[in-house]
Each structure stands twice: as C-alpha cells, then as structure tokens.
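Enquirer: Just one file: upload_37.cif, with mmCIF, C-alpha atoms and all ligand atoms.
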data_start
#
loop_
_atom_site.label_atom_id
_atom_site.label_comp_id
_atom_site.auth_asym_id
_atom_site.auth_seq_id
_atom_site.Cartn_x
_atom_site.Cartn_y
_atom_site.Cartn_z
CA MET A 1 -6.63 7.94 -4.27
CA SER A 2 -7.92 8.28 -0.72
CA SER A 3 -6.30 10.58 1.81
CA VAL A 4 -5.36 7.50 3.81
CA GLU A 5 -3.30 6.27 0.86
CA ALA A 6 -1.65 9.63 0.36
CA SER A 7 -0.12 9.73 3.80
CA SER A 8 2.85 7.65 4.77
CA ARG A 9 2.23 5.93 8.07
CA SER A 10 4.56 4.77 10.75
CA PRO A 11 5.70 1.20 10.24
CA ALA A 12 4.91 0.35 13.84
CA SER A 13 1.17 1.05 13.50
CA ASP A 14 0.58 -0.11 9.96
CA PRO A 15 1.32 -3.60 8.58
CA LEU A 16 1.57 -2.36 4.98
CA ALA A 17 4.13 0.30 5.88
CA ARG A 18 6.08 -2.31 7.84
CA VAL A 19 6.04 -4.78 4.95
CA ALA A 20 7.19 -2.04 2.57
CA GLU A 21 9.93 -0.99 4.96
CA GLU A 22 11.24 -4.55 5.29
CA LEU A 23 10.72 -5.98 1.80
CA LEU A 24 10.84 -3.10 -0.68
CA LEU A 25 13.63 -0.68 -1.43
CA PRO A 26 13.14 3.03 -2.13
CA LEU A 27 14.38 4.01 -5.58
CA GLY A 28 14.07 7.76 -5.19
CA VAL A 29 10.56 8.30 -6.61
CA ASP A 30 7.23 7.57 -4.91
CA GLY A 31 5.62 4.36 -6.13
CA VAL A 32 8.81 2.84 -7.61
CA HIS A 33 10.48 0.09 -5.60
CA GLY A 34 13.21 -2.49 -5.64
CA ARG A 35 12.18 -5.89 -4.23
CA ARG A 36 14.03 -8.07 -1.74
CA ALA A 37 14.63 -11.80 -2.09
CA VAL A 38 11.79 -13.07 0.11
CA TYR A 39 9.31 -10.82 -1.73
CA VAL A 40 10.58 -12.10 -5.08
CA GLU A 41 10.30 -15.69 -3.87
CA ILE A 42 6.67 -15.29 -2.80
CA TYR A 43 5.91 -13.47 -6.06
CA GLU A 44 7.21 -16.41 -8.05
CA ARG A 45 5.32 -18.93 -5.94
CA LEU A 46 2.11 -16.94 -6.34
CA ASP A 47 2.68 -16.80 -10.09
CA ALA A 48 3.05 -20.61 -10.17
CA PHE A 49 -0.04 -21.02 -7.97
CA ILE A 50 -2.09 -18.97 -10.46
CA THR A 51 -0.74 -21.05 -13.34
CA HIS A 52 -2.13 -24.16 -11.60
CA GLN A 53 -5.54 -22.49 -11.12
CA ARG A 54 -6.17 -21.32 -14.65
CA ASP A 55 -7.59 -23.16 -17.60
CA PRO A 56 -4.72 -25.16 -19.20
CA ALA A 57 -6.15 -24.21 -22.60
CA CYS A 58 -4.95 -20.63 -22.08
CA GLU A 59 -2.28 -19.53 -24.50
CA LEU A 60 0.54 -17.93 -22.53
CA LEU A 61 2.09 -14.69 -23.80
CA ARG A 62 4.38 -12.24 -22.00
CA PHE A 63 4.70 -8.58 -22.95
CA PRO A 64 7.37 -5.94 -22.33
CA PRO A 65 6.72 -2.84 -20.17
CA VAL A 66 6.29 -0.71 -23.30
CA MET A 67 3.77 -0.95 -26.13
CA SER A 68 2.91 0.81 -29.36
CA ARG A 69 1.63 4.35 -28.75
CA GLN A 70 -0.52 4.15 -31.84
CA GLN A 71 -2.16 0.93 -30.62
CA LEU A 72 -2.97 2.42 -27.24
CA GLU A 73 -4.35 5.58 -28.84
CA ARG A 74 -6.58 3.46 -31.05
CA SER A 75 -7.79 1.52 -28.01
CA GLY A 76 -9.38 4.72 -26.67
CA TYR A 77 -7.12 5.03 -23.62
CA LEU A 78 -6.76 8.80 -23.97
CA LYS A 79 -10.51 9.24 -23.70
CA SER A 80 -10.68 7.42 -20.39
CA PHE A 81 -7.37 7.71 -18.51
CA PRO A 82 -5.13 10.42 -20.06
CA ASN A 83 -3.90 11.34 -16.58
CA LEU A 84 -2.45 7.87 -15.94
CA LEU A 85 -0.55 7.44 -19.18
CA GLY A 86 3.22 7.57 -19.42
CA CYS A 87 4.68 8.18 -22.86
CA VAL A 88 8.28 7.38 -23.72
CA ALA A 89 10.05 10.55 -24.82
CA ALA A 90 13.51 10.67 -26.38
CA LEU A 91 15.98 13.08 -27.90
CA HIS A 92 15.50 13.00 -31.64
CA GLY A 93 17.41 14.70 -34.43
CA SER A 94 20.99 15.13 -35.51
CA GLU A 95 24.05 14.32 -33.41
CA ALA A 96 24.59 18.05 -32.91
CA SER A 97 21.07 18.75 -31.67
CA ILE A 98 21.10 15.73 -29.32
CA ARG A 99 24.52 16.78 -27.97
CA ALA A 100 23.30 20.34 -27.47
CA ALA A 101 20.22 19.16 -25.57
CA ALA A 102 22.27 16.88 -23.29
CA ASP A 103 24.76 19.69 -22.66
CA VAL A 104 21.94 21.88 -21.35
CA HIS A 105 21.92 19.57 -18.33
CA GLU A 106 25.66 20.04 -17.79
CA GLN A 107 25.06 23.78 -17.83
CA GLY A 108 22.42 23.45 -15.12
CA GLY A 109 19.50 23.89 -17.53
CA GLU A 110 16.40 21.84 -18.25
CA TRP A 111 17.44 19.32 -20.91
CA THR A 112 14.04 17.62 -20.91
CA ARG A 113 12.54 20.53 -22.93
CA ALA A 114 14.24 19.05 -25.97
CA LEU A 115 12.45 15.70 -25.60
CA SER A 116 9.76 14.62 -27.98
CA ALA A 117 7.40 11.66 -27.95
CA SER A 118 8.62 8.35 -29.36
CA ASP A 119 6.28 5.72 -30.78
CA LEU A 120 6.14 3.93 -27.41
CA VAL A 121 4.03 4.32 -24.30
CA LEU A 122 4.45 2.49 -21.01
CA SER A 123 1.81 -0.27 -20.88
CA PRO A 124 -0.94 0.70 -18.45
CA ALA A 125 -2.43 -2.81 -18.39
CA ALA A 126 -1.30 -6.21 -19.58
CA CYS A 127 -4.13 -6.92 -22.00
CA TYR A 128 -3.94 -3.94 -24.41
CA PRO A 129 -1.24 -5.40 -26.70
CA LEU A 130 -3.22 -8.63 -27.02
CA TYR A 131 -6.23 -7.43 -29.01
CA PRO A 132 -4.35 -6.28 -32.13
CA LEU A 133 -2.44 -9.58 -32.05
CA ALA A 134 -5.69 -11.54 -31.81
CA ALA A 135 -7.17 -9.47 -34.65
CA ARG A 136 -4.38 -10.65 -36.97
CA ARG A 137 -5.58 -14.22 -36.57
CA GLY A 138 -8.87 -13.48 -38.30
CA PRO A 139 -12.37 -14.26 -37.02
CA VAL A 140 -12.54 -16.00 -33.66
CA GLN A 141 -13.46 -19.70 -33.98
CA GLN A 142 -16.51 -21.26 -32.36
CA ASN A 143 -14.73 -22.23 -29.15
CA GLY A 144 -13.23 -18.79 -28.57
CA LEU A 145 -9.78 -17.68 -27.45
CA LEU A 146 -8.28 -17.76 -23.96
CA PHE A 147 -5.00 -16.08 -23.06
CA ASP A 148 -2.73 -15.72 -20.05
CA VAL A 149 -0.82 -12.45 -20.41
CA ALA A 150 1.39 -10.37 -18.12
CA ALA A 151 3.43 -7.20 -18.17
CA GLU A 152 5.13 -4.73 -15.89
CA CYS A 153 2.66 -1.83 -16.01
CA PHE A 154 3.00 1.90 -15.46
CA ARG A 155 0.40 4.35 -14.22
CA HIS A 156 1.19 7.93 -13.38
CA GLU A 157 -0.33 7.88 -9.92
CA PRO A 158 2.53 8.50 -7.48
CA ALA A 159 1.56 7.72 -3.89
CA ARG A 160 3.42 7.20 -0.65
CA THR A 161 1.71 3.90 0.12
CA ALA A 162 3.23 0.73 -1.31
CA SER A 163 -0.19 -0.49 -2.44
CA ARG A 164 -0.37 2.16 -5.18
CA GLN A 165 2.75 1.92 -7.28
CA GLN A 166 3.69 3.64 -10.51
CA SER A 167 5.42 0.51 -11.78
CA PHE A 168 3.76 -2.79 -10.86
CA ARG A 169 3.13 -6.26 -12.31
CA MET A 170 -0.21 -7.31 -13.71
CA ARG A 171 -1.18 -10.75 -14.93
CA GLU A 172 -4.45 -11.21 -16.81
CA LEU A 173 -6.59 -14.02 -18.13
CA VAL A 174 -8.42 -12.83 -21.20
CA CYS A 175 -11.37 -14.35 -23.06
CA ILE A 176 -12.23 -13.35 -26.62
CA ASP A 177 -15.48 -14.98 -27.68
CA THR A 178 -19.21 -14.42 -28.06
CA ALA A 179 -20.97 -12.00 -25.70
CA ALA A 180 -22.47 -14.85 -23.69
CA ARG A 181 -19.19 -16.74 -23.34
CA ALA A 182 -17.04 -13.71 -22.51
CA LEU A 183 -19.52 -12.72 -19.81
CA ALA A 184 -19.73 -16.30 -18.50
CA PHE A 185 -15.91 -16.42 -18.30
CA ARG A 186 -15.83 -13.19 -16.28
CA ASP A 187 -18.67 -14.31 -14.00
CA ALA A 188 -17.20 -17.77 -13.40
CA TRP A 189 -13.97 -16.20 -12.18
CA ILE A 190 -15.68 -14.34 -9.33
CA PRO A 191 -16.32 -17.47 -7.21
CA ARG A 192 -13.03 -18.99 -8.39
CA ALA A 193 -11.16 -15.94 -7.12
CA ARG A 194 -12.97 -16.19 -3.81
CA THR A 195 -11.75 -19.79 -3.46
CA LEU A 196 -8.25 -18.75 -4.52
CA ALA A 197 -8.17 -16.02 -1.84
CA GLU A 198 -9.44 -18.55 0.71
CA GLN A 199 -6.63 -20.97 -0.16
CA LEU A 200 -4.19 -18.10 0.34
CA GLY A 201 -5.79 -17.22 3.69
CA LEU A 202 -6.69 -13.74 2.47
CA PRO A 203 -10.02 -12.39 3.80
CA CYS A 204 -11.66 -10.53 0.92
CA ALA A 205 -14.82 -8.98 -0.45
CA ILE A 206 -15.84 -8.93 -4.11
CA GLU A 207 -17.83 -5.86 -5.08
CA PRO A 208 -19.06 -3.95 -8.12
CA ALA A 209 -16.54 -1.30 -9.12
CA THR A 210 -15.75 1.35 -11.71
CA ASP A 211 -12.56 2.27 -13.49
CA PRO A 212 -10.89 5.51 -12.38
CA PHE A 213 -12.15 7.44 -15.45
CA PHE A 214 -10.70 10.92 -15.82
CA GLY A 215 -12.59 14.13 -15.16
CA ARG A 216 -16.25 15.07 -15.28
CA VAL A 217 -16.99 13.13 -18.48
CA GLY A 218 -15.34 10.20 -16.73
CA GLN A 219 -17.94 10.32 -13.98
CA VAL A 220 -20.64 9.69 -16.56
CA MET A 221 -18.64 6.77 -17.96
CA ALA A 222 -18.31 5.35 -14.45
CA VAL A 223 -22.07 5.55 -13.84
CA SER A 224 -22.73 3.70 -17.08
CA GLN A 225 -20.07 1.09 -16.25
CA ARG A 226 -21.69 0.44 -12.88
CA GLN A 227 -25.21 0.29 -14.33
CA GLN A 228 -24.08 -2.36 -16.78
CA ALA A 229 -22.17 -4.25 -14.04
CA LEU A 230 -19.07 -4.35 -16.23
CA LYS A 231 -16.45 -4.38 -13.47
CA PHE A 232 -15.99 -6.12 -10.13
CA GLU A 233 -13.02 -6.01 -7.77
CA LEU A 234 -11.64 -8.34 -5.15
CA LEU A 235 -10.82 -6.16 -2.17
CA ILE A 236 -8.44 -7.00 0.66
CA ARG A 237 -7.83 -4.92 3.76
CA LEU A 238 -4.10 -4.16 3.85
CA GLN A 239 -4.29 -1.50 6.53
CA SER A 240 -6.20 -1.79 9.76
CA ASP A 241 -8.15 1.45 9.28
CA GLY A 242 -7.78 2.35 5.59
CA ALA A 243 -10.14 1.53 2.74
CA PRO A 244 -9.65 -2.00 1.36
CA THR A 245 -7.42 -2.35 -1.70
CA ALA A 246 -8.38 -3.82 -5.08
CA CYS A 247 -6.10 -6.82 -5.64
CA MET A 248 -7.95 -8.32 -8.60
CA SER A 249 -10.50 -7.06 -11.10
CA PHE A 250 -13.06 -8.82 -13.28
CA ASN A 251 -13.91 -6.87 -16.41
CA TYR A 252 -16.35 -7.30 -19.28
CA HIS A 253 -15.62 -4.91 -22.16
CA LEU A 254 -18.66 -5.75 -24.32
CA ASP A 255 -17.53 -5.47 -27.98
CA HIS A 256 -15.27 -2.44 -27.36
CA PHE A 257 -12.03 -4.15 -28.38
CA GLY A 258 -13.81 -6.26 -30.98
CA ALA A 259 -14.98 -3.05 -32.68
CA VAL A 260 -11.69 -1.15 -32.32
CA TRP A 261 -9.63 -4.00 -33.77
CA GLU A 262 -12.33 -5.41 -36.05
CA ILE A 263 -12.26 -8.83 -34.44
CA GLY A 264 -15.16 -10.82 -35.84
CA HIS A 265 -16.62 -14.03 -34.45
CA GLN A 266 -17.29 -17.03 -36.67
CA GLY A 267 -20.72 -17.30 -35.11
CA GLY A 268 -21.51 -13.82 -36.46
CA GLY A 269 -20.98 -10.25 -35.29
CA LEU A 270 -18.07 -8.82 -33.36
CA ALA A 271 -16.12 -10.69 -30.71
CA HIS A 272 -16.68 -9.65 -27.10
CA THR A 273 -13.89 -9.63 -24.55
CA ALA A 274 -13.44 -10.03 -20.81
CA CYS A 275 -10.36 -9.99 -18.60
CA VAL A 276 -9.55 -11.10 -15.08
CA ALA A 277 -6.60 -9.11 -13.72
CA PHE A 278 -4.35 -10.17 -10.88
CA GLY A 279 -2.62 -7.20 -9.26
CA MET A 280 0.42 -9.35 -8.56
CA ASP A 281 2.32 -6.87 -6.38
CA ARG A 282 -0.78 -6.05 -4.35
CA LEU A 283 -1.48 -9.77 -3.81
CA VAL A 284 2.09 -10.33 -2.62
CA LEU A 285 1.82 -7.35 -0.27
CA ALA A 286 -1.49 -8.74 0.99
CA LEU A 287 0.10 -12.10 1.79
CA PHE A 288 2.79 -10.42 3.89
CA CYS A 289 0.36 -7.97 5.53
CA VAL A 290 -2.04 -10.71 6.56
CA HIS A 291 0.40 -13.51 7.44
CA GLY A 292 3.49 -11.61 8.61
CA LEU A 293 6.97 -11.03 7.30
CA ASP A 294 8.32 -14.57 7.61
CA PRO A 295 6.74 -17.16 5.24
CA ARG A 296 8.14 -19.97 7.43
CA HIS A 297 5.53 -18.95 10.02
CA TRP A 298 2.59 -18.67 7.65
CA PRO A 299 -0.41 -21.02 8.18
CA GLN A 300 0.20 -24.55 6.93
CA THR A 301 -2.63 -24.33 4.37
CA VAL A 302 -1.15 -21.19 2.82
CA ARG A 303 2.33 -22.72 2.79
CA LYS A 304 0.90 -25.75 1.03
CA ALA A 305 -0.91 -23.66 -1.58
CA LEU A 306 2.33 -21.83 -2.35
CA SER A 307 4.55 -24.94 -2.02
CA ILE A 308 6.65 -23.34 0.69
CA GLY A 309 8.73 -26.20 2.06
P1 LIG B 1 -7.62 0.99 -8.28
O1 LIG B 1 -9.07 0.67 -8.00
O2 LIG B 1 -6.74 0.65 -7.15
O3 LIG B 1 -7.41 2.38 -8.78
P2 LIG B 1 -7.90 -0.03 -10.94
O4 LIG B 1 -9.37 -0.20 -10.76
O5 LIG B 1 -7.44 1.11 -11.74
O6 LIG B 1 -7.19 0.02 -9.49
P3 LIG B 1 -7.45 -2.20 -12.82
O7 LIG B 1 -7.34 -1.28 -13.99
O8 LIG B 1 -8.65 -3.05 -12.72
O9 LIG B 1 -7.24 -1.37 -11.47
O10 LIG B 1 -6.11 -3.06 -12.77
C1 LIG B 1 -6.08 -4.45 -12.41
C2 LIG B 1 -5.38 -4.65 -11.08
O11 LIG B 1 -4.06 -4.10 -11.14
C3 LIG B 1 -6.03 -3.96 -9.89
O12 LIG B 1 -7.09 -4.72 -9.36
C4 LIG B 1 -4.86 -3.88 -8.92
O13 LIG B 1 -4.71 -5.07 -8.20
C5 LIG B 1 -3.66 -3.68 -9.84
N1 LIG B 1 -3.29 -2.26 -9.85
C6 LIG B 1 -3.90 -1.25 -10.50
N2 LIG B 1 -3.27 -0.08 -10.27
C7 LIG B 1 -2.23 -0.37 -9.45
C8 LIG B 1 -1.19 0.40 -8.85
N3 LIG B 1 -1.09 1.71 -9.06
N4 LIG B 1 -0.28 -0.23 -8.07
C9 LIG B 1 -0.35 -1.56 -7.86
N5 LIG B 1 -1.31 -2.34 -8.40
C10 LIG B 1 -2.24 -1.77 -9.17
ZN ZN B 2 -7.46 -6.29 -19.13
MG MG B 3 -10.55 0.32 -9.10
#
Represent the structure from my file as structure tokens, please.
Ligand code: ATP
Ligand code: ZN
Ligand code: MG
Expert:
Amino acid sequence: MSSVEASSRSPASDPLARVAEELLLPLGVDGVHGRRAVYVEIYERLDAFITHQRDPACELLRFPPVMSRQQLERSGYLKSFPNLLGCVAALHGSEASIRAAADVHEQGGEWTRALSASDLVLSPAACYPLYPLAARRGPVQQNGLLFDVAAECFRHEPARTASRQQSFRMRELVCIDTAARALAFRDAWIPRARTLAEQLGLPCAIEPATDPFFGRVGQVMAVSQRQQALKFELLIRLQSDGAPTACMSFNYHLDHFGAVWEIGHQGGGLAHTACVAFGMDRLVLALFCVHGLDPRHWPQTVRKALSIG
C-alpha cells in the first residue's frame, strides 16, 4: 500500500474520494462499504458487458464469499499471503461454554478470546475453489477447460481509500490446459483488455507486475515471478497525483495448481493454468472517476458499450 492510498483525501480535490463519498456508504470499518443504486446499476452493466466479451465456451460458475480452509491451505496461500487471509472463527463447544463466552461481552470483557477457527476461510480470490472442482473431472481433454468464475473476496488490507477494499468483487476467466495454451490464453487477453478499456473510455497502461508476497522470502518470490513474466496488470489512474491502480490482472501459474490438485492433461503431463481477473469494484470506481458521477452524461461510446439508455 502506498502512503498516498493510506491517507484519506478531501473529496473536493480527489475524484476517487468524491466518488466514494457520493456512491459508497461507510459501514464502520475501513475498506468495507455499502453501495448506492447508481453504483449497483453500473456494476451490473459492466458485468453484462464482460459476459459479451468473453469466449461463449466458458463454463459459468459462481462461488460464495467463503471457501474450504483446507483447500486454501493446500493451495499454498499461507506461504505467499498469510497477512491477507481472513479465517472464519466461531464459538464451538457445549451450550454452556458458548453461553459463557457470549456473556463475557455483556460483562464488558473480550468474548472473542473464546473463538476458534472453523473449517472456512474468506475467499481471497475467485479462482481458488475452481481447481479442486476441475480436478474431480479427471484429466483435462485435448481442447482444455475455460471457466468464468466470480466471488466476493476478502483481503485483510484495511485502507482509507475506496480503491483498496477488504471486501470486493472479483470476476475471473480461467484456462486449464497445456502450458502453451494456458500461456496463449493469458497473452491473448492483454490486447483484448486494452480494447475493452478503450470501449469503456478508460485510459490505461498494461505492465509487468508481481503479487504482494509476504515478507522477505516473498521478495524473492516476487523477483522470480517478474523474471518469468508470470503476471501483468492493467493500471488506471483513479487519482490525479497517486500511483495508478491495478484494475485487472493477467496471471500464468505454470503447473502450480495442476501439481497441487493433481490435474493431468490428456496430452501428457500436468495441466497448466492461467487466469484473467477483473477487479469489478475498481473498474466501476474507475468509470465514475474518469467519466463523472452521472452516467447520463458519460460519452456516447461508453454509454453504448454499457447499454445505458
Ligand atoms: P494490488 O496490486 O492492488 O495489491 P493484487 O495484485 O493483489 O492487487 P490480484 O491478486 O491480481 O491483485 O487480484 C485481481 C484484481 O482484484 C486486481 O487487479 C484488482 O483489480 C482487484 N483487487 C485486488 N485487491 C483488491 C482490493 N483490496 N480492493 C479492491 N480490488 C482489489
Ligand atoms: Zn485467479
Ligand atoms: Mg498487484
């Protein structure tokens, strides 16, 4: 997180702060927002626009905001991003012990000490639940697998700026196939995303990127990720003087998920995977930041792309 992101700016000087002020509702914790009607409407139109852009062969699946803790552990998430993970904790045990724990709150004490982890975590990205599902189908056929998945995601990265939320929506297109085809899928989406941003009137740059790996070991992982050109991001400037914000990412995972979930490919060897992620809330914020608060006054081309009558 940059220092620019960490500070809350005055709505008058900063389009993002103004958009957040007008279209989002504070829910008492940084990075968690309610959404007003016009925001929801644009979100839904953007979602439909993306549906028109993607390969119709994609199989559509939608996931809840929680997923299996065991599956996420097996995916290796704790090695890379332990700081971002939210785990669902609950009061376990007998009626008496649960009652006693809850009563601690009534007595002004800290009831949360009695919590223990459940078998759920909050999904940190939309594609994690997909790989074990794909694995159950057996070896990937010659023509590969394409999915369109989405989930409300959680990352423990509270910030004052609306562009970095703790709870946000992510939609992803995922390819599970040979190395060459997974990489080709990822690479083909880079120019497609550029065209998509153009249609939406969003000036952008697409650049090599790294995941926000945790700690000193993480820095080594990031260097290796960059050397192998595994990740790119589509960046849009949401604030006049801040760093641009990643609104999409294009990721090639090599055979990481193929190996973890033992997904073979009919052509031989392990399946490789790639995903293209749409940061849906960031894209909606970008539309309002760039074009203004009232969609009726947005450029005709953008209105057409989003079917705004
Ligand atoms: P960033 O570079 O901002 O830290 P990231 O590289 O961790 O994001 P990905 O893991 O690639 O992001 O997630 C896919 C997309 O989800 C991002 O490109 C972004 O648009 C969106 N996203 C990620 N984190 C957040 C967040 N905290 N709030 C809103 N959107 C987010
Ligand atoms: Zn993904
Ligand atoms: Mg990033």
Enquirer: Looking at A:Gly242, A:Pro212, A:Gly267, A:Cys289, which one is nearest to ligand MG 3 (chain B), with distances taken over all atoms listed in the file?
Expert: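 The closest residue to ligand MG 3 (chain B) is A:Pro212.
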Enquirer: Counting only C-alpha atoms and all ligand atoms, which of A:His33, A:Arg18, A:His256, A:Lys231 gets nearest to ligand LIG 1 (chain B)?
Expert: A:Lys231
Enquirer: Chain A near ligand LIG 1 (chain B) within 7 Å: what's each residue's closest atom pair and its distance in Å to one decimal, counting all atoms listed in the file, ordered by chain then ascending residue number, as JSON lines?
Expert:
{"residue": "A:Ala125", "atom": "CA", "partner": "B:LIG1", "partner_atom": "O10", "distance": 6.7}
{"residue": "A:Arg155", "atom": "CA", "partner": "B:LIG1", "partner_atom": "N3", "distance": 6.0}
{"residue": "A:Glu157", "atom": "CA", "partner": "B:LIG1", "partner_atom": "N3", "distance": 6.3}
{"residue": "A:Ser163", "atom": "CA", "partner": "B:LIG1", "partner_atom": "C9", "distance": 5.5}
{"residue": "A:Arg164", "atom": "CA", "partner": "B:LIG1", "partner_atom": "N4", "distance": 3.8}
{"residue": "A:Gln165", "atom": "CA", "partner": "B:LIG1", "partner_atom": "N4", "distance": 3.8}
{"residue": "A:Gln166", "atom": "CA", "partner": "B:LIG1", "partner_atom": "N3", "distance": 5.4}
{"residue": "A:Ser167", "atom": "CA", "partner": "B:LIG1", "partner_atom": "N4", "distance": 6.8}
{"residue": "A:Phe168", "atom": "CA", "partner": "B:LIG1", "partner_atom": "C9", "distance": 5.2}
{"residue": "A:Met170", "atom": "CA", "partner": "B:LIG1", "partner_atom": "O11", "distance": 5.6}
{"residue": "A:Thr210", "atom": "CA", "partner": "B:LIG1", "partner_atom": "O4", "distance": 6.6}
{"residue": "A:Asp211", "atom": "CA", "partner": "B:LIG1", "partner_atom": "O4", "distance": 4.9}
{"residue": "A:Pro212", "atom": "CA", "partner": "B:LIG1", "partner_atom": "O5", "distance": 5.6}
{"residue": "A:Glu233", "atom": "CA", "partner": "B:LIG1", "partner_atom": "O12", "distance": 6.3}
{"residue": "A:Thr245", "atom": "CA", "partner": "B:LIG1", "partner_atom": "O2", "distance": 6.3}
{"residue": "A:Ala246", "atom": "CA", "partner": "B:LIG1", "partner_atom": "O12", "distance": 4.6}
{"residue": "A:Cys247", "atom": "CA", "partner": "B:LIG1", "partner_atom": "O13", "distance": 3.4}
{"residue": "A:Met248", "atom": "CA", "partner": "B:LIG1", "partner_atom": "O12", "distance": 3.8}
{"residue": "A:Ser249", "atom": "CA", "partner": "B:LIG1", "partner_atom": "O12", "distance": 4.5}
{"residue": "A:Ala277", "atom": "CA", "partner": "B:LIG1", "partner_atom": "C1", "distance": 4.9}
{"residue": "A:Phe278", "atom": "CA", "partner": "B:LIG1", "partner_atom": "C2", "distance": 5.6}
{"residue": "A:Gly279", "atom": "CA", "partner": "B:LIG1", "partner_atom": "O13", "distance": 3.2}
{"residue": "A:Met280", "atom": "CA", "partner": "B:LIG1", "partner_atom": "O13", "distance": 6.7}
{"residue": "A:Asp281", "atom": "CA", "partner": "B:LIG1", "partner_atom": "C9", "distance": 6.1}
{"residue": "A:Arg282", "atom": "CA", "partner": "B:LIG1", "partner_atom": "N5", "distance": 5.5}
Enquirer: Kindly indicate which residue among A:Leu173, A:Leu25, A:Ile263, A:Leu133 lies nearest to ligand ZN 2 (chain B), using all atoms listed in the file for the distances.
Expert: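 With all atoms listed in the file as the atom set, the closest residue is A:Leu173.
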Enquirer: Looking at all atoms listed in the file, which of A:Ile308, A:Ala193, A:Val284, A:Leu60 is the one that sits closest to Leu23 in chain A?
Expert: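 Closest to Leu23 in chain A of all the choices is A:Val284.
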Enquirer: Mind checking which residues fall within 12 Å of Gly292 in chain A, counting only C-alpha atoms, ignoring those fewer than 3 positions away in the same chain, and posting them as a list of chain:residue names?
Expert: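 Counting only C-alpha atoms, the residues come to A:Asp14, A:Pro15, A:Leu16, A:Arg18, A:Val19, A:Ala20, A:Glu22, A:Leu23, A:Val38, A:Tyr39, A:Gly201, A:Leu238, A:Val284, A:Leu285, A:Ala286, A:Leu287, A:Phe288, A:Cys289, A:Pro295, A:Arg296, A:His297, A:Trp298, A:Pro299.
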Enquirer: Show me which residues sit within 7 Å of ligand ZN 2 (chain B) when counting all atoms listed in the file, and put them as number ranges by chain.
Expert: A: 125-128, 172, 174, 275-277
Enquirer: Between A:Ala197, A:Leu235, A:Ala179, A:Ala90, which one has atoms that come closest to ligand MG 3 (chain B), using all atoms listed in the file?
Expert: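 Closest to ligand MG 3 (chain B), using all atoms listed in the file: A:Leu235.
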Enquirer: Between CA of Gly34 in chain A and CA of Leu85 in chain A, what is the distance in Å, rounded to a tenth?
Expert: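 Separation of CA of Gly34 in chain A and CA of Leu85 in chain A: 21.7 Å.
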Enquirer: Could you tell me how far CA of Gly144 in chain A lies from CA of Asp177 in chain A, in Å and to one decimal?
Expert: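 Pair CA of Gly144 in chain A / CA of Asp177 in chain A returns 4.5 Å.
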Enquirer: Could you give me, as a list in words, the residues that sit within 9 Å of (4.9, -17.8, -4.1) in the file's coordinates, counting all atoms listed in the file?
Expert: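 Within 9 Å of (4.9, -17.8, -4.1), the protein and nucleic acid residues are Tyr39, Val40, Glu41, Ile42, Tyr43, Glu44, Arg45, Leu46, Asp47, Ala48, Phe49, Val284, Arg303, Ala305, Leu306, Ser307 and Ile308 of chain A.
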Enquirer: Mind pulling up the distance from CA of Ala151 in chain A to CA of Asp55 in chain A?
Expert: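 About the pair CA of Asp55 in chain A and CA of Ala151 in chain A: they are 19.4 Å apart.
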Enquirer: Which one of A:Gln225, A:Gln239, A:Asn143, A:Thr301 sits closest to ligand MG 3 (chain B) if you count all atoms listed in the file?
Expert: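 For ligand MG 3 (chain B), the nearest of the given residues is A:Gln225.
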